[in-house]
Amino acid sequence: MILRKYFMNQHHCDNKGFIALLSVLIVTAVAVSITVALLIMGVGSSRTSFARQQSTQARALADACAEEALQEIHDSVSYEGSDTLTLGQGTCDYRVTKLTGQNRTIDATGTVGTIIRKVNVVIDSITPDINILSWQEVSDF
């Protein structure tokens, strides 16, 4: 009878140890899962932030090339052509197209990494001053 009580108490203590160990394992698994999820979200957020930064730079490059094209038109009223510039971490290119009279269009593209942004500028007169009708971002020319 004494042995039976001993074994029953021993068995009861083993259950408590097993439950405690199982609880620790479950809590650890949950903590690891949360940590991994946070790391994955952090990497995704970093990628998004990097792409946003490149997009902003590409737009600035497209605007810079459009400004360069305006300077070319200012320097030579009859200017029509294209050029490519390397600035900072990217490149941009522009094309000035002569239409009728003093009307011109400027198509400028800025590229940083895999991000491309484009702007289209429409001019309706050059002399005495350059008059810009529109300056807008476009998806394609």
# chains A, B, ... in the order shown; residues from 1 in each chain; ligands from 1
call {"tool": "select_by_dssp", "arguments": {"residues": "range 29-132 of chain A", "states": "strand (DSSP E or B)", "output": "ChimeraX atom specification"}}
result
/A:81-87,90-98,104-112,115-125,131-132
call {"tool": "write_last_selection", "arguments": {"atoms": "N, CA and C atoms", "output": "mmCIF file, in the first residue's frame"}}
result
data_model
loop_
_atom_site.group_PDB
_atom_site.id
_atom_site.type_symbol
_atom_site.label_atom_id
_atom_site.label_comp_id
_atom_site.auth_asym_id
_atom_site.auth_seq_id
_atom_site.Cartn_x
_atom_site.Cartn_y
_atom_site.Cartn_z
ATOM 1 N N GLY A 81 16.205 67.480 -80.376
ATOM 2 C CA GLY A 81 17.122 66.356 -80.210
ATOM 3 C C GLY A 81 16.938 65.660 -78.884
ATOM 4 N N SER A 82 17.954 64.881 -78.526
ATOM 5 C CA SER A 82 17.862 64.101 -77.292
ATOM 6 C C SER A 82 19.245 63.968 -76.670
ATOM 7 N N ASP A 83 19.246 63.561 -75.409
ATOM 8 C CA ASP A 83 20.503 63.363 -74.693
ATOM 9 C C ASP A 83 20.236 62.472 -73.494
ATOM 10 N N THR A 84 21.303 61.902 -72.980
ATOM 11 C CA THR A 84 21.237 61.058 -71.781
ATOM 12 C C THR A 84 22.222 61.595 -70.759
ATOM 13 N N LEU A 85 21.790 61.655 -69.519
ATOM 14 C CA LEU A 85 22.638 62.132 -68.425
ATOM 15 C C LEU A 85 22.722 61.075 -67.338
ATOM 16 N N THR A 86 23.878 60.995 -66.695
ATOM 17 C CA THR A 86 24.043 60.140 -65.525
ATOM 18 C C THR A 86 24.202 61.058 -64.326
ATOM 19 N N LEU A 87 23.279 60.921 -63.403
ATOM 20 C CA LEU A 87 23.283 61.760 -62.215
ATOM 21 C C LEU A 87 23.070 60.883 -60.981
ATOM 22 N N GLY A 90 21.457 57.107 -60.793
ATOM 23 C CA GLY A 90 20.648 56.712 -61.940
ATOM 24 C C GLY A 90 20.976 57.484 -63.187
ATOM 25 N N THR A 91 20.115 57.310 -64.180
ATOM 26 C CA THR A 91 20.274 58.002 -65.452
ATOM 27 C C THR A 91 18.936 58.616 -65.855
ATOM 28 N N CYS A 92 19.044 59.563 -66.749
ATOM 29 C CA CYS A 92 17.820 60.121 -67.329
ATOM 30 C C CYS A 92 18.103 60.448 -68.784
ATOM 31 N N ASP A 93 17.051 60.456 -69.548
ATOM 32 C CA ASP A 93 17.195 60.875 -70.933
ATOM 33 C C ASP A 93 15.991 61.722 -71.312
ATOM 34 N N TYR A 94 16.204 62.556 -72.308
ATOM 35 C CA TYR A 94 15.119 63.420 -72.767
ATOM 36 C C TYR A 94 15.142 63.501 -74.279
ATOM 37 N N ARG A 95 13.977 63.857 -74.807
ATOM 38 C CA ARG A 95 13.834 64.068 -76.243
ATOM 39 C C ARG A 95 12.968 65.309 -76.441
ATOM 40 N N VAL A 96 13.483 66.254 -77.191
ATOM 41 C CA VAL A 96 12.730 67.468 -77.531
ATOM 42 C C VAL A 96 12.213 67.290 -78.952
ATOM 43 N N THR A 97 10.909 67.431 -79.104
ATOM 44 C CA THR A 97 10.290 67.295 -80.419
ATOM 45 C C THR A 97 9.672 68.628 -80.804
ATOM 46 N N LYS A 98 10.047 69.113 -82.004
ATOM 47 C CA LYS A 98 9.492 70.351 -82.547
ATOM 48 C C LYS A 98 8.152 70.038 -83.179
ATOM 49 N N ARG A 104 6.622 72.855 -78.645
ATOM 50 C CA ARG A 104 7.593 71.777 -78.427
ATOM 51 C C ARG A 104 7.023 70.817 -77.380
ATOM 52 N N THR A 105 7.485 69.577 -77.449
ATOM 53 C CA THR A 105 7.219 68.635 -76.360
ATOM 54 C C THR A 105 8.549 68.094 -75.875
ATOM 55 N N ILE A 106 8.612 67.874 -74.594
ATOM 56 C CA ILE A 106 9.786 67.250 -73.982
ATOM 57 C C ILE A 106 9.298 65.973 -73.307
ATOM 58 N N ASP A 107 9.910 64.864 -73.683
ATOM 59 C CA ASP A 107 9.656 63.586 -73.029
ATOM 60 C C ASP A 107 10.921 63.231 -72.267
ATOM 61 N N ALA A 108 10.808 63.102 -70.953
ATOM 62 C CA ALA A 108 11.973 62.810 -70.123
ATOM 63 C C ALA A 108 11.703 61.575 -69.268
ATOM 64 N N THR A 109 12.730 60.747 -69.145
ATOM 65 C CA THR A 109 12.629 59.503 -68.380
ATOM 66 C C THR A 109 13.761 59.450 -67.366
ATOM 67 N N GLY A 110 13.414 59.142 -66.117
ATOM 68 C CA GLY A 110 14.409 58.944 -65.075
ATOM 69 C C GLY A 110 14.405 57.490 -64.640
ATOM 70 N N THR A 111 15.593 56.905 -64.503
ATOM 71 C CA THR A 111 15.699 55.501 -64.134
ATOM 72 C C THR A 111 16.676 55.338 -62.974
ATOM 73 N N VAL A 112 16.213 54.668 -61.925
ATOM 74 C CA VAL A 112 17.067 54.304 -60.792
ATOM 75 C C VAL A 112 16.786 52.839 -60.490
ATOM 76 N N ILE A 115 13.384 51.036 -61.294
ATOM 77 C CA ILE A 115 12.273 51.987 -61.241
ATOM 78 C C ILE A 115 12.422 53.021 -62.351
ATOM 79 N N ILE A 116 11.348 53.233 -63.112
ATOM 80 C CA ILE A 116 11.337 54.200 -64.218
ATOM 81 C C ILE A 116 10.176 55.163 -64.006
ATOM 82 N N ARG A 117 10.468 56.450 -64.106
ATOM 83 C CA ARG A 117 9.424 57.482 -64.035
ATOM 84 C C ARG A 117 9.564 58.376 -65.257
ATOM 85 N N LYS A 118 8.431 58.834 -65.781
ATOM 86 C CA LYS A 118 8.432 59.616 -67.017
ATOM 87 C C LYS A 118 7.625 60.896 -66.826
ATOM 88 N N VAL A 119 8.122 61.978 -67.443
ATOM 89 C CA VAL A 119 7.381 63.232 -67.451
ATOM 90 C C VAL A 119 7.279 63.745 -68.882
ATOM 91 N N ASN A 120 6.189 64.436 -69.129
ATOM 92 C CA ASN A 120 5.944 65.035 -70.431
ATOM 93 C C ASN A 120 5.702 66.524 -70.205
ATOM 94 N N VAL A 121 6.438 67.353 -70.948
ATOM 95 C CA VAL A 121 6.319 68.798 -70.840
ATOM 96 C C VAL A 121 5.866 69.329 -72.196
ATOM 97 N N VAL A 122 4.834 70.166 -72.179
ATOM 98 C CA VAL A 122 4.316 70.764 -73.406
ATOM 99 C C VAL A 122 4.566 72.267 -73.343
ATOM 100 N N ILE A 123 5.186 72.791 -74.406
ATOM 101 C CA ILE A 123 5.534 74.214 -74.494
ATOM 102 C C ILE A 123 4.778 74.806 -75.680
ATOM 103 N N ASP A 124 4.188 75.985 -75.476
ATOM 104 C CA ASP A 124 3.477 76.605 -76.598
ATOM 105 C C ASP A 124 4.171 77.843 -77.145
ATOM 106 N N SER A 125 5.164 78.360 -76.438
ATOM 107 C CA SER A 125 5.956 79.454 -77.015
ATOM 108 C C SER A 125 7.335 79.472 -76.370
ATOM 109 N N ASN A 131 7.050 79.345 -72.422
ATOM 110 C CA ASN A 131 5.773 79.194 -71.722
ATOM 111 C C ASN A 131 5.401 77.709 -71.680
ATOM 112 N N ILE A 132 5.305 77.168 -70.489
ATOM 113 C CA ILE A 132 4.986 75.749 -70.300
ATOM 114 C C ILE A 132 3.484 75.602 -70.096
#
call {"tool": "residues_around", "arguments": {"residues": "Ala51 in chain A", "least_positions_apart": "4", "cutoff": "9 Å", "atoms": "only C-alpha atoms", "output": "PDB file with C-alpha atoms, in the first residue's frame"}}
result
ATOM      1  CA  SER A  46      12.627  47.842 -45.917  1.00  0.00           C
ATOM      2  CA  ARG A  47      12.070  46.742 -49.507  1.00  0.00           C
ATOM      3  CA  SER A  55      10.930  56.070 -57.205  1.00  0.00           C
ATOM      4  CA  THR A  56      11.429  59.538 -55.740  1.00  0.00           C
ATOM      5  CA  THR A 114      14.494  48.970 -61.912  1.00  0.00           C
ATOM      6  CA  ILE A 115      12.273  51.987 -61.241  1.00  0.00           C
TER       7      ILE A 115
END
call {"tool": "residues_around", "arguments": {"residues": "Ile73 in chain A", "least_positions_apart": "6", "cutoff": "8 Å", "atoms": "only C-alpha atoms", "output": "list of chain:residue names"}}
result
A:Tyr79, A:Glu80, A:Ile126
call {"tool": "write_last_selection", "arguments": {"atoms": "N, CA and C atoms", "output": "mmCIF file, in the first residue's frame"}}
result
data_model
loop_
_atom_site.group_PDB
_atom_site.id
_atom_site.type_symbol
_atom_site.label_atom_id
_atom_site.label_comp_id
_atom_site.auth_asym_id
_atom_site.auth_seq_id
_atom_site.Cartn_x
_atom_site.Cartn_y
_atom_site.Cartn_z
ATOM 1 N N TYR A 79 16.459 74.219 -81.170
ATOM 2 C CA TYR A 79 16.921 72.913 -80.669
ATOM 3 C C TYR A 79 15.839 71.844 -80.809
ATOM 4 N N GLU A 80 16.276 70.735 -81.335
ATOM 5 C CA GLU A 80 15.449 69.532 -81.417
ATOM 6 C C GLU A 80 16.420 68.362 -81.309
ATOM 7 N N ILE A 126 8.290 79.980 -77.150
ATOM 8 C CA ILE A 126 9.679 80.005 -76.698
ATOM 9 C C ILE A 126 10.172 81.432 -76.516
#
call {"tool": "closest_residue", "arguments": {"among": "A:Ile26, A:Gly88, A:Thr48, A:Leu39", "to": "Leu61 in chain A", "atoms": "only C-alpha atoms"}}
result
A:Gly88
call {"tool": "closest_residue", "arguments": {"among": "A:Phe50, A:Phe141, A:Trp135, A:Phe18", "to": "Leu70 in chain A", "atoms": "only C-alpha atoms"}}
result
A:Trp135
call {"tool": "atom_distance", "arguments": {"atom1": "CA of Ser134 in chain A", "atom2": "CA of Asp63 in chain A"}}
result
12.8 Å
call {"tool": "atom_distance", "arguments": {"atom1": "CA of Leu99 in chain A", "atom2": "CA of His74 in chain A"}}
result
16.2 Å
call {"tool": "atom_distance", "arguments": {"atom1": "CA of Gln57 in chain A", "atom2": "CA of Val138 in chain A"}}
result
16.0 Å
call {"tool": "closest_residue", "arguments": {"among": "A:Leu21, A:Gln53, A:Ala62, A:Val30", "to": "Glu137 in chain A", "atoms": "only C-alpha atoms"}}
result
A:Ala62
call {"tool": "select_by_dssp", "arguments": {"residues": "range 1-129 of chain A", "states": "helix (DSSP H, G or I)", "output": "ChimeraX atom specification"}}
result
/A:2-75
